[in-house]
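Pasted below: target.txt, compact mmCIF, C-alpha atoms.
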# COMPACT_ATOMS: atom_id res chain seq x y z
CA MET A 1 -9.47 3.13 11.56
CA ILE A 2 -12.95 1.63 11.60
CA LEU A 3 -15.78 4.02 12.37
CA ASP A 4 -18.56 1.43 12.80
CA LYS A 5 -17.98 -2.24 13.65
CA ASN A 6 -21.35 -3.39 12.33
CA THR A 7 -20.64 -1.75 8.98
CA ALA A 8 -17.20 -3.36 8.94
CA LYS A 9 -18.66 -6.84 9.40
CA LYS A 10 -21.45 -6.24 6.91
CA THR A 11 -18.92 -5.00 4.36
CA ALA A 12 -16.84 -8.14 4.93
CA GLU A 13 -19.92 -10.32 4.44
CA LEU A 14 -20.82 -8.63 1.15
CA LEU A 15 -17.27 -8.71 -0.24
CA LEU A 16 -17.00 -12.42 0.51
CA GLN A 17 -20.44 -13.02 -1.01
CA ILE A 18 -19.45 -11.64 -4.43
CA ASN A 19 -15.85 -12.95 -4.30
CA ALA A 20 -14.41 -9.45 -4.22
CA ILE A 21 -12.37 -10.96 -1.40
CA LYS A 22 -11.10 -14.51 -1.78
CA LEU A 23 -9.57 -16.47 1.09
CA ARG A 24 -7.33 -19.33 -0.06
CA PRO A 25 -4.95 -20.35 2.75
CA GLU A 26 -4.20 -23.75 1.22
CA ASN A 27 -3.29 -22.31 -2.19
CA PRO A 28 -1.84 -18.82 -1.65
CA PHE A 29 -1.91 -16.01 -4.17
CA THR A 30 1.24 -14.17 -5.27
CA TRP A 31 0.87 -10.39 -5.17
CA ALA A 32 2.63 -8.06 -7.62
CA SER A 33 5.07 -7.26 -4.79
CA GLY A 34 6.08 -10.94 -4.68
CA TRP A 35 4.41 -11.50 -1.30
CA LYS A 36 2.62 -14.82 -0.83
CA SER A 37 -0.86 -14.25 0.53
CA PRO A 38 -3.88 -16.36 1.57
CA ILE A 39 -6.15 -13.42 0.66
CA TYR A 40 -6.83 -11.49 -2.52
CA CYS A 41 -9.04 -8.42 -2.71
CA ASP A 42 -10.44 -6.84 -5.89
CA ASN A 43 -13.07 -4.29 -4.94
CA ARG A 44 -13.70 -3.25 -8.54
CA ILE A 45 -16.05 -6.25 -8.70
CA ILE A 46 -18.42 -4.27 -6.47
CA LEU A 47 -19.39 -2.11 -9.44
CA SER A 48 -21.01 -5.12 -11.14
CA TYR A 49 -23.49 -5.66 -8.28
CA PRO A 50 -25.98 -2.76 -8.02
CA ILE A 51 -27.36 -3.55 -4.55
CA ILE A 52 -23.90 -3.97 -3.02
CA ARG A 53 -22.52 -1.05 -5.02
CA ASN A 54 -25.28 1.17 -3.62
CA TYR A 55 -24.64 -0.05 -0.07
CA VAL A 56 -20.94 0.79 -0.31
CA ARG A 57 -21.68 4.16 -1.96
CA GLU A 58 -24.16 5.20 0.71
CA GLU A 59 -22.10 3.99 3.68
CA MET A 60 -19.01 5.75 2.36
CA ALA A 61 -20.96 8.95 1.77
CA LYS A 62 -22.44 8.86 5.28
CA GLN A 63 -19.10 8.16 6.94
CA LEU A 64 -17.35 10.78 4.84
CA GLU A 65 -19.78 13.50 5.94
CA SER A 66 -19.65 12.32 9.55
CA LEU A 67 -15.85 12.38 9.62
CA TYR A 68 -15.00 15.39 7.49
CA GLY A 69 -18.14 17.37 6.84
CA LYS A 70 -18.93 18.16 3.21
CA PRO A 71 -15.76 18.92 1.24
CA ASP A 72 -15.54 20.95 -1.95
CA ILE A 73 -14.60 17.96 -4.07
CA ILE A 74 -13.99 14.19 -4.01
CA ALA A 75 -10.81 12.66 -5.44
CA GLY A 76 -10.52 8.99 -6.45
CA VAL A 77 -7.26 7.07 -6.76
CA ALA A 78 -6.83 5.50 -10.22
CA THR A 79 -7.78 3.05 -11.29
CA GLY A 80 -9.55 1.02 -8.62
CA ALA A 81 -11.31 3.89 -6.87
CA ILE A 82 -12.47 5.87 -9.91
CA GLY A 83 -15.84 4.13 -10.10
CA ILE A 84 -16.73 4.11 -6.41
CA GLY A 85 -15.30 7.60 -5.90
CA MET A 86 -17.51 8.98 -8.66
CA LEU A 87 -20.56 7.25 -7.14
CA VAL A 88 -19.83 8.77 -3.72
CA ALA A 89 -19.36 12.22 -5.26
CA ASP A 90 -22.62 11.86 -7.17
CA TYR A 91 -24.49 10.78 -4.02
CA LEU A 92 -23.19 13.87 -2.20
CA GLY A 93 -23.74 16.18 -5.18
CA LEU A 94 -20.04 17.06 -5.35
CA PRO A 95 -17.50 17.46 -8.17
CA PHE A 96 -15.15 14.55 -8.81
CA ILE A 97 -11.56 14.20 -9.99
CA TYR A 98 -9.15 11.29 -10.10
CA VAL A 99 -5.41 10.91 -9.64
CA ARG A 100 -3.15 8.76 -11.80
CA PRO A 101 -0.09 6.99 -10.34
CA GLU A 102 2.06 9.34 -12.44
CA PRO A 103 1.57 12.02 -15.09
CA LYS A 104 0.63 10.88 -18.59
CA ALA A 105 3.55 10.70 -20.99
CA HIS A 106 1.63 12.45 -23.77
CA GLY A 107 -1.13 14.98 -24.40
CA ARG A 108 -1.55 17.42 -21.52
CA LYS A 109 0.58 15.14 -19.32
CA ASN A 110 -1.91 15.34 -16.47
CA GLN A 111 -1.64 13.34 -13.29
CA ILE A 112 -4.86 14.80 -11.93
CA GLU A 113 -7.87 14.49 -14.23
CA GLY A 114 -10.76 16.93 -13.80
CA LYS A 115 -11.11 20.51 -12.62
CA LEU A 116 -9.21 21.24 -9.41
CA GLU A 117 -8.65 24.67 -7.94
CA ALA A 118 -6.02 25.57 -5.36
CA HIS A 119 -7.03 25.58 -1.70
CA GLN A 120 -10.11 23.41 -2.20
CA ASN A 121 -10.97 21.05 0.65
CA LEU A 122 -11.16 17.47 -0.54
CA VAL A 123 -11.43 13.89 0.67
CA VAL A 124 -9.63 11.08 -1.15
CA VAL A 125 -11.59 7.89 -1.83
CA GLU A 126 -9.64 4.64 -2.15
CA ASP A 127 -10.75 1.06 -2.80
CA LEU A 128 -7.99 -0.84 -1.00
CA ILE A 129 -5.17 0.00 1.40
CA SER A 130 -2.15 -2.29 1.58
CA THR A 131 1.12 -0.46 2.37
CA GLY A 132 -0.45 2.91 1.60
CA LYS A 133 2.28 3.88 -0.84
CA SER A 134 0.10 4.42 -3.93
CA SER A 135 -2.63 6.08 -1.86
CA LEU A 136 -0.22 8.58 -0.36
CA ASN A 137 1.34 9.17 -3.77
CA ALA A 138 -2.08 10.48 -4.83
CA VAL A 139 -2.26 12.66 -1.71
CA ASN A 140 1.13 14.16 -2.55
CA ALA A 141 0.03 14.97 -6.10
CA LEU A 142 -3.04 16.76 -4.74
CA THR A 143 -1.22 18.75 -2.08
CA ASP A 144 1.41 19.75 -4.63
CA GLU A 145 -1.44 21.48 -6.48
CA GLY A 146 -2.40 23.38 -3.33
CA SER A 147 -5.31 21.18 -2.22
CA ASN A 148 -6.29 20.75 1.41
CA VAL A 149 -6.63 17.00 1.88
CA LYS A 150 -8.91 16.50 4.88
CA GLY A 151 -8.47 12.72 4.94
CA MET A 152 -8.92 9.44 3.11
CA LEU A 153 -11.80 6.97 3.16
CA GLY A 154 -11.39 3.48 1.71
CA ILE A 155 -13.42 0.32 1.32
CA PHE A 156 -10.97 -2.20 2.79
CA ASN A 157 -7.72 -2.08 4.72
CA TYR A 158 -5.36 -5.01 5.32
CA GLY A 159 -4.24 -3.29 8.51
CA PHE A 160 -0.50 -3.60 7.94
CA ASP A 161 1.72 -1.79 10.44
CA VAL A 162 3.69 -0.27 7.59
CA ALA A 163 0.53 1.40 6.26
CA LYS A 164 -0.30 2.84 9.67
CA GLU A 165 3.23 4.19 9.96
CA ASN A 166 3.15 5.68 6.45
CA PHE A 167 -0.12 7.52 7.08
CA GLU A 168 1.05 8.76 10.48
CA LYS A 169 4.30 10.09 9.00
CA ARG A 170 2.33 11.93 6.34
CA ASP A 171 -0.21 13.12 8.95
CA ILE A 172 -3.15 11.90 6.86
CA GLU A 173 -6.24 10.56 8.61
CA LEU A 174 -7.37 7.18 7.23
CA HIS A 175 -10.68 5.39 7.72
CA THR A 176 -12.12 2.37 5.91
CA LEU A 177 -15.51 0.68 5.87
CA GLY A 178 -13.93 -2.70 6.60
CA ASP A 179 -10.61 -4.25 7.53
CA TYR A 180 -8.80 -7.56 7.85
CA ASP A 181 -9.63 -8.14 11.52
CA HIS A 182 -13.38 -7.77 11.01
CA LEU A 183 -13.21 -9.83 7.82
CA ILE A 184 -11.59 -12.77 9.62
CA GLU A 185 -14.04 -12.44 12.50
CA LYS A 186 -17.01 -12.53 10.13
CA ALA A 187 -15.59 -15.38 8.04
CA SER A 188 -15.06 -17.44 11.20
CA GLU A 189 -18.52 -16.69 12.63
CA THR A 190 -20.30 -17.72 9.45
CA GLY A 191 -18.27 -20.89 8.85
CA TYR A 192 -16.78 -19.48 5.67
CA ILE A 193 -13.38 -20.68 6.93
CA LYS A 194 -12.40 -23.66 9.07
CA GLU A 195 -10.34 -23.46 12.27
CA GLU A 196 -7.10 -24.54 10.59
CA GLN A 197 -7.63 -21.93 7.88
CA LEU A 198 -8.24 -19.31 10.55
CA ASN A 199 -4.90 -20.14 12.16
CA THR A 200 -3.13 -19.73 8.81
CA LEU A 201 -4.82 -16.38 8.17
CA LEU A 202 -3.82 -15.13 11.62
CA GLU A 203 -0.22 -16.25 11.12
CA TRP A 204 0.02 -14.49 7.76
CA ARG A 205 -1.19 -11.28 9.33
CA LYS A 206 1.74 -11.29 11.78
CA SER A 207 4.39 -11.14 9.04
CA PRO A 208 2.90 -10.90 5.53
CA SER A 209 6.17 -10.04 3.77
CA THR A 210 7.95 -13.20 4.97
CA TRP A 211 5.04 -15.64 5.25
CA ASN A 212 5.34 -18.92 3.31
CA LEU A 213 8.80 -18.17 1.92
Written form, structure tokens:
Amino acid sequence: MILDKNTAKKTAELLLQINAIKLRPENPFTWASGWKSPIYCDNRIILSYPIIRNYVREEMAKQLESLYGKPDIIAGVATGAIGIGMLVADYLGLPFIYVRPEPKAHGRKNQIEGKLEAHQNLVVVEDLISTGKSSLNAVNALTDEGSNVKGMLGIFNYGFDVAKENFEKRDIELHTLGDYDHLIEKASETGYIKEEQLNTLLEWRKSPSTWNL
């Protein structure tokens, strides 16, 4: 869910500006899942741009406090959200931990890195939401340790129905600074994409798993 439409459009503008989001309808990307896609998002690029990094950090911190109050701790989802999650935690003066996709195979075999105590209230920070599977995997790891996950805040959400269903089933509240709908709206308004490209992007959104097969 989007909390502020102006922030969503500004976020889209900035991500397009630094090529964190690339729109390529005429030459689709292939995701790791095998899906063909006219869009590719890599929000880790944000960390290389101080002004934009600070904008995202401050907007996430403000929205996080507005939505959930001030939790005991911030958790980032490895690896994409470690950097931005740590920046948000630092801005709020809170401890930070991060969650691996699975426990390490050696050493202490941790899945959660950092100091976490049972029954702490926390908010999970994510960089990108697609199906929500990896994000909710992190939530499960945290709740298994007795944490109270108040919700998740991400940078960008593709807005897939399957993600919405997955979060609803798990009863986890999800908000993001920006999403696909506001991205396409902004890209169209600014002339970043042409009308025929817009049509392709809208068609992909209807059925991303079967598009262009």
Distance criterion (only C-alpha atoms): nearest to Ile184 in chain A out of A:Ile172, A:Leu198, A:Arg53, A:Val139: A:Leu198
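Compared by their closest atoms to Val123 in chain A, and using all atoms listed in the file, the residues A:Lys70, A:Lys22, A:Arg108, A:Arg44 rank with A:Lys70 nearest.
CA of Glu145 in chain A is found 23.9 Å from CA of Ala163 in chain A.
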Do you know which residues are at most 7 Å from Gln111 in chain A counting all atoms listed in the file, after dropping those on the same chain fewer than 3 positions away, and could you put them as a count of residues only? 5
May I have the residues within 7 Å of range 63-69 of chain A as a VMD selection string, using only C-alpha atoms and disregarding those fewer than 3 positions away in the same chain? chain A and resid 59 to 60 150 153
File dump, residues just selected, C-alpha atoms, as a PDB file, in the coordinates of the input:
ATOM      1  CA  GLU A  59     -22.100   3.990   3.680  1.00  0.00           C
ATOM      2  CA  MET A  60     -19.010   5.750   2.360  1.00  0.00           C
ATOM      3  CA  LYS A 150      -8.910  16.500   4.880  1.00  0.00           C
ATOM      4  CA  LEU A 153     -11.800   6.970   3.160  1.00  0.00           C
TER       5      LEU A 153
END
Which protein, DNA or RNA residues have an atom at most 7 Å from (-9.8, 7.1, 11.9), counting only C-alpha atoms? List them as a ChimeraX atom specification. /A:1-3,173-175
Output the selection as a tab-separated table (two decimals), in the coordinates of the input - C-alpha atoms for each residue.
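Written output follows (out.tsv):
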chain	number	residue	atom	x	y	z
A	1	MET	CA	-9.47	3.13	11.56
A	2	ILE	CA	-12.95	1.63	11.60
A	3	LEU	CA	-15.78	4.02	12.37
A	173	GLU	CA	-6.24	10.56	8.61
A	174	LEU	CA	-7.37	7.18	7.23
A	175	HIS	CA	-10.68	5.39	7.72
Spatial neighbours of Ser147 in chain A, max dist 6 Å, all atoms listed in the file, sep filter under 4 positions, as JSON, numbers by chain: {"A": [118, 119, 120, 142, 143]}
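CA of Leu14 in chain A is found 12.8 Å from CA of Asp179 in chain A.
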Using only C-alpha atoms, what does the table of range 37-73 of chain A residues within 12 Å of range 130-137 of chain A look like, with each row giving the shortest atom pair and its distance in Å to one decimal, sorted by chain and ascending number, as CSV?
residue,atom,partner,partner_atom,distance
A:Ile39,CA,A:Ser130,CA,11.9
A:Tyr40,CA,A:Ser130,CA,11.1
A:Cys41,CA,A:Ser130,CA,10.2
Restricting it to C-alpha atoms, dump the selection as an mmCIF file, in the coordinates of the input.
data_model
loop_
_atom_site.group_PDB
_atom_site.id
_atom_site.type_symbol
_atom_site.label_atom_id
_atom_site.label_comp_id
_atom_site.auth_asym_id
_atom_site.auth_seq_id
_atom_site.Cartn_x
_atom_site.Cartn_y
_atom_site.Cartn_z
ATOM 1 C CA ILE A 39 -6.150 -13.420 0.660
ATOM 2 C CA TYR A 40 -6.830 -11.490 -2.520
ATOM 3 C CA CYS A 41 -9.040 -8.420 -2.710
#
When distances are computed from only C-alpha atoms, which of A:Ala8, A:Leu15, A:Leu94, A:Ile82 shows the smallest separation from Asp181 in chain A? A:Ala8
As a check of understanding: the span from CA of Gly146 in chain A to CA of Asn110 in chain A is 15.4 Å
Rank A:Ser207, A:Thr176, A:Asn54, A:Asn140 by their smallest atom-to-atom distance to Phe160 in chain A, using all atoms listed in the file, and report the top residue only. A:Ser207
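Taking only C-alpha atoms, the non-local environment of Thr190 in chain A within 12 Å (same-chain residues fewer than 6 positions away omitted) comprises Lys9, Lys10, Ala12, Glu13, Leu16, Gln17, Leu183 and Ile184 of chain A.
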